[in-house]
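Presented below is the structure to which this report refers.
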Amino acid sequence: SGTTGYQMVAPPGEMPRLTVDLGRQITTGPLFLSARFLLAEGAPIAEFVVLGQLLSNAFTGKVSFDLVAADRVQIANANAVTSLQGDPGSLPRGRWTCFELSVVADRTGNGSLVLALDGQPLLGGATTDPTVGLDGYGKAELGAFASAGNGVAIEITFDDWVVDTSPIGCR
């Protein structure tokens, strides 16, 4: 808050990122990841860039908020190998945007995944897929995990990063 944010440039195949250890494993219940981001103007992305994710310490499970082909927004649930995608151009460029990724962690298929942009739900809802791996979530990351197939570097600036077990909203 009150800064110009943290700018990352991710050439194809690079993975600049910020990581925080949650201090405990979250295996059940709600978890929220929120930040503001500014995706630089440019040609639509070719493959994918992971913008934010909740993951296990052993990297055995994760849920991520991604930018995918044609500048679509995506929630990827590696715990069940599923994803939800928005329409082409659903991830804005050239302006600050707030995101909140909401995960209700559940191994039995009674959880939920929701992504909101600027306070408006865009993707997700209740799911019958597991939303957490066996060892739970122990880390949160913001970054620009860029696919080698993207062809061009991606520039993203993040600010106001929050991880909590209660809804955060846009600040």
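We name chains A, B, ... following the order of the structure tokens; residues begin at 1 in each chain, and ligands are numbered from 1 as shown.
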
Counting only C-alpha atoms, which residues in segment 43-131 of chain A sit no more than 9 Å from segment 21-30 of chain A? For each one, give the nearest pair of atoms and the distance in Å, sorted by chain then residue number, as a Markdown table.
```
| residue | atom | partner | partner_atom | distance |
| --- | --- | --- | --- | --- |
| A:Ser56 | CA | A:Gln25 | CA | 7.8 |
| A:Asn57 | CA | A:Gln25 | CA | 8.4 |
| A:Ser102 | CA | A:Pro30 | CA | 7.1 |
| A:Val103 | CA | A:Pro30 | CA | 5.7 |
| A:Val104 | CA | A:Pro30 | CA | 4.2 |
| A:Ala105 | CA | A:Thr28 | CA | 4.6 |
| A:Asp106 | CA | A:Thr28 | CA | 5.3 |
| A:Arg107 | CA | A:Thr28 | CA | 7.8 |
| A:Gly111 | CA | A:Gly29 | CA | 8.1 |
| A:Ser112 | CA | A:Pro30 | CA | 8.9 |
```

Suppose we keep all heavy atoms; can you now write the selection as a CSV table (one decimal), in the first residue's frame?
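Output below, filename part-v3.csv:
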```csv
chain,number,residue,atom,x,y,z
A,56,SER,N,0.7,-26.3,-2.1
A,56,SER,CA,1.2,-27.0,-0.9
A,56,SER,C,2.7,-26.8,-0.8
A,56,SER,O,3.4,-26.4,-1.8
A,56,SER,CB,1.0,-28.5,-1.1
A,56,SER,OG,1.8,-29.1,-2.1
A,57,ASN,N,3.3,-27.0,0.3
A,57,ASN,CA,4.7,-26.9,0.5
A,57,ASN,C,5.5,-27.9,-0.3
A,57,ASN,O,6.6,-27.6,-0.8
A,57,ASN,CB,5.1,-27.1,2.0
A,57,ASN,CG,4.7,-25.9,2.8
A,57,ASN,OD1,4.6,-24.8,2.3
A,57,ASN,ND2,4.4,-26.1,4.1
A,102,SER,N,-11.0,-17.0,-4.2
A,102,SER,CA,-11.5,-17.6,-3.0
A,102,SER,C,-11.6,-19.1,-3.1
A,102,SER,O,-12.1,-19.6,-4.1
A,102,SER,CB,-13.0,-17.1,-2.8
A,102,SER,OG,-13.7,-17.9,-1.9
A,103,VAL,N,-11.0,-19.8,-2.2
A,103,VAL,CA,-11.0,-21.3,-2.2
A,103,VAL,C,-11.6,-21.8,-0.9
A,103,VAL,O,-11.1,-21.4,0.2
A,103,VAL,CB,-9.6,-21.8,-2.4
A,103,VAL,CG1,-9.5,-23.3,-2.3
A,103,VAL,CG2,-8.9,-21.3,-3.7
A,104,VAL,N,-12.6,-22.6,-1.0
A,104,VAL,CA,-13.0,-23.4,0.2
A,104,VAL,C,-12.4,-24.8,0.0
A,104,VAL,O,-12.7,-25.5,-0.8
A,104,VAL,CB,-14.5,-23.5,0.3
A,104,VAL,CG1,-14.9,-24.4,1.5
A,104,VAL,CG2,-15.1,-22.1,0.5
A,105,ALA,N,-11.3,-25.0,0.8
A,105,ALA,CA,-10.5,-26.2,0.7
A,105,ALA,C,-11.3,-27.4,1.2
A,105,ALA,O,-11.9,-27.4,2.4
A,105,ALA,CB,-9.2,-26.0,1.5
A,106,ASP,N,-11.4,-28.4,0.4
A,106,ASP,CA,-12.1,-29.6,0.8
A,106,ASP,C,-11.6,-30.8,-0.1
A,106,ASP,O,-11.6,-30.6,-1.3
A,106,ASP,CB,-13.6,-29.4,0.6
A,106,ASP,CG,-14.4,-30.6,1.0
A,106,ASP,OD1,-14.8,-30.7,2.2
A,106,ASP,OD2,-14.7,-31.5,0.2
A,107,ARG,N,-11.3,-31.9,0.5
A,107,ARG,CA,-10.8,-33.0,-0.3
A,107,ARG,C,-11.9,-33.9,-0.8
A,107,ARG,O,-11.7,-34.8,-1.7
A,107,ARG,CB,-9.9,-33.9,0.6
A,107,ARG,CG,-8.7,-33.2,1.0
A,107,ARG,CD,-7.8,-34.2,1.8
A,107,ARG,NE,-6.6,-33.5,2.3
A,107,ARG,CZ,-6.3,-33.5,3.6
A,107,ARG,NH1,-7.0,-34.2,4.5
A,107,ARG,NH2,-5.2,-32.8,4.0
A,111,GLY,N,-16.2,-28.3,-1.8
A,111,GLY,CA,-15.6,-27.0,-1.7
A,111,GLY,C,-16.1,-26.0,-2.8
A,111,GLY,O,-17.1,-26.3,-3.4
A,112,SER,N,-15.3,-24.9,-2.9
A,112,SER,CA,-15.7,-24.0,-4.0
A,112,SER,C,-14.4,-23.3,-4.4
A,112,SER,O,-13.5,-23.2,-3.7
A,112,SER,CB,-16.8,-23.0,-3.5
A,112,SER,OG,-16.3,-22.2,-2.5
```

Subject >> Distance query Leu91 of chain A at most 7 Å, only C-alpha atoms, self and fewer than 2 positions along chain excluded, as a list in words >> reply: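 Skipping anything fewer than 2 positions along the chain leaves Asp71, Arg72, Val73, Gly89 and Arg93 of chain A.
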
Please dump the current selection as a PDB file, in the first residue's frame; keep C-alpha atoms.
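Result saved to result07.pdb:
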```pdb
ATOM      1  CA  ASP A  71      -6.158 -12.871 -22.673  1.00  0.00           C
ATOM      2  CA  ARG A  72      -8.727 -15.107 -21.004  1.00  0.00           C
ATOM      3  CA  VAL A  73      -8.870 -15.393 -17.226  1.00  0.00           C
ATOM      4  CA  GLY A  89     -10.222 -10.453 -23.342  1.00  0.00           C
ATOM      5  CA  ARG A  93      -4.723  -4.730 -19.726  1.00  0.00           C
TER       6      ARG A  93
END
```

Subject >> Pick from A:Thr131, A:Ser83, A:Gln7, A:Gln53, whichever lies nearest to Ala40 of chain A using only C-alpha atoms >> reply: A:Gln7

Within 7 Å of Ala116 of chain A, counting only C-alpha atoms, which residues qualify if same-chain residues fewer than 6 places away don't, as a JSON list (two decimals) with N, CA and C atoms, in the first residue's frame?
```json
[["chain", "number", "residue", "atom", "x", "y", "z"],
["A", 99, "PHE", "N", -8.05, -8.42, -7.87],
["A", 99, "PHE", "CA", -8.58, -9.78, -7.95],
["A", 99, "PHE", "C", -8.67, -10.36, -6.55],
["A", 100, "GLU", "N", -9.63, -11.27, -6.38],
["A", 100, "GLU", "CA", -9.71, -12.07, -5.16],
["A", 100, "GLU", "C", -10.03, -13.49, -5.57],
["A", 101, "LEU", "N", -9.12, -14.40, -5.24],
["A", 101, "LEU", "CA", -9.32, -15.83, -5.47],
["A", 101, "LEU", "C", -9.77, -16.42, -4.15],
["A", 122, "LEU", "N", -16.46, -13.50, -11.33],
["A", 122, "LEU", "CA", -16.30, -13.72, -12.76],
["A", 122, "LEU", "C", -16.37, -15.20, -13.12]]
```
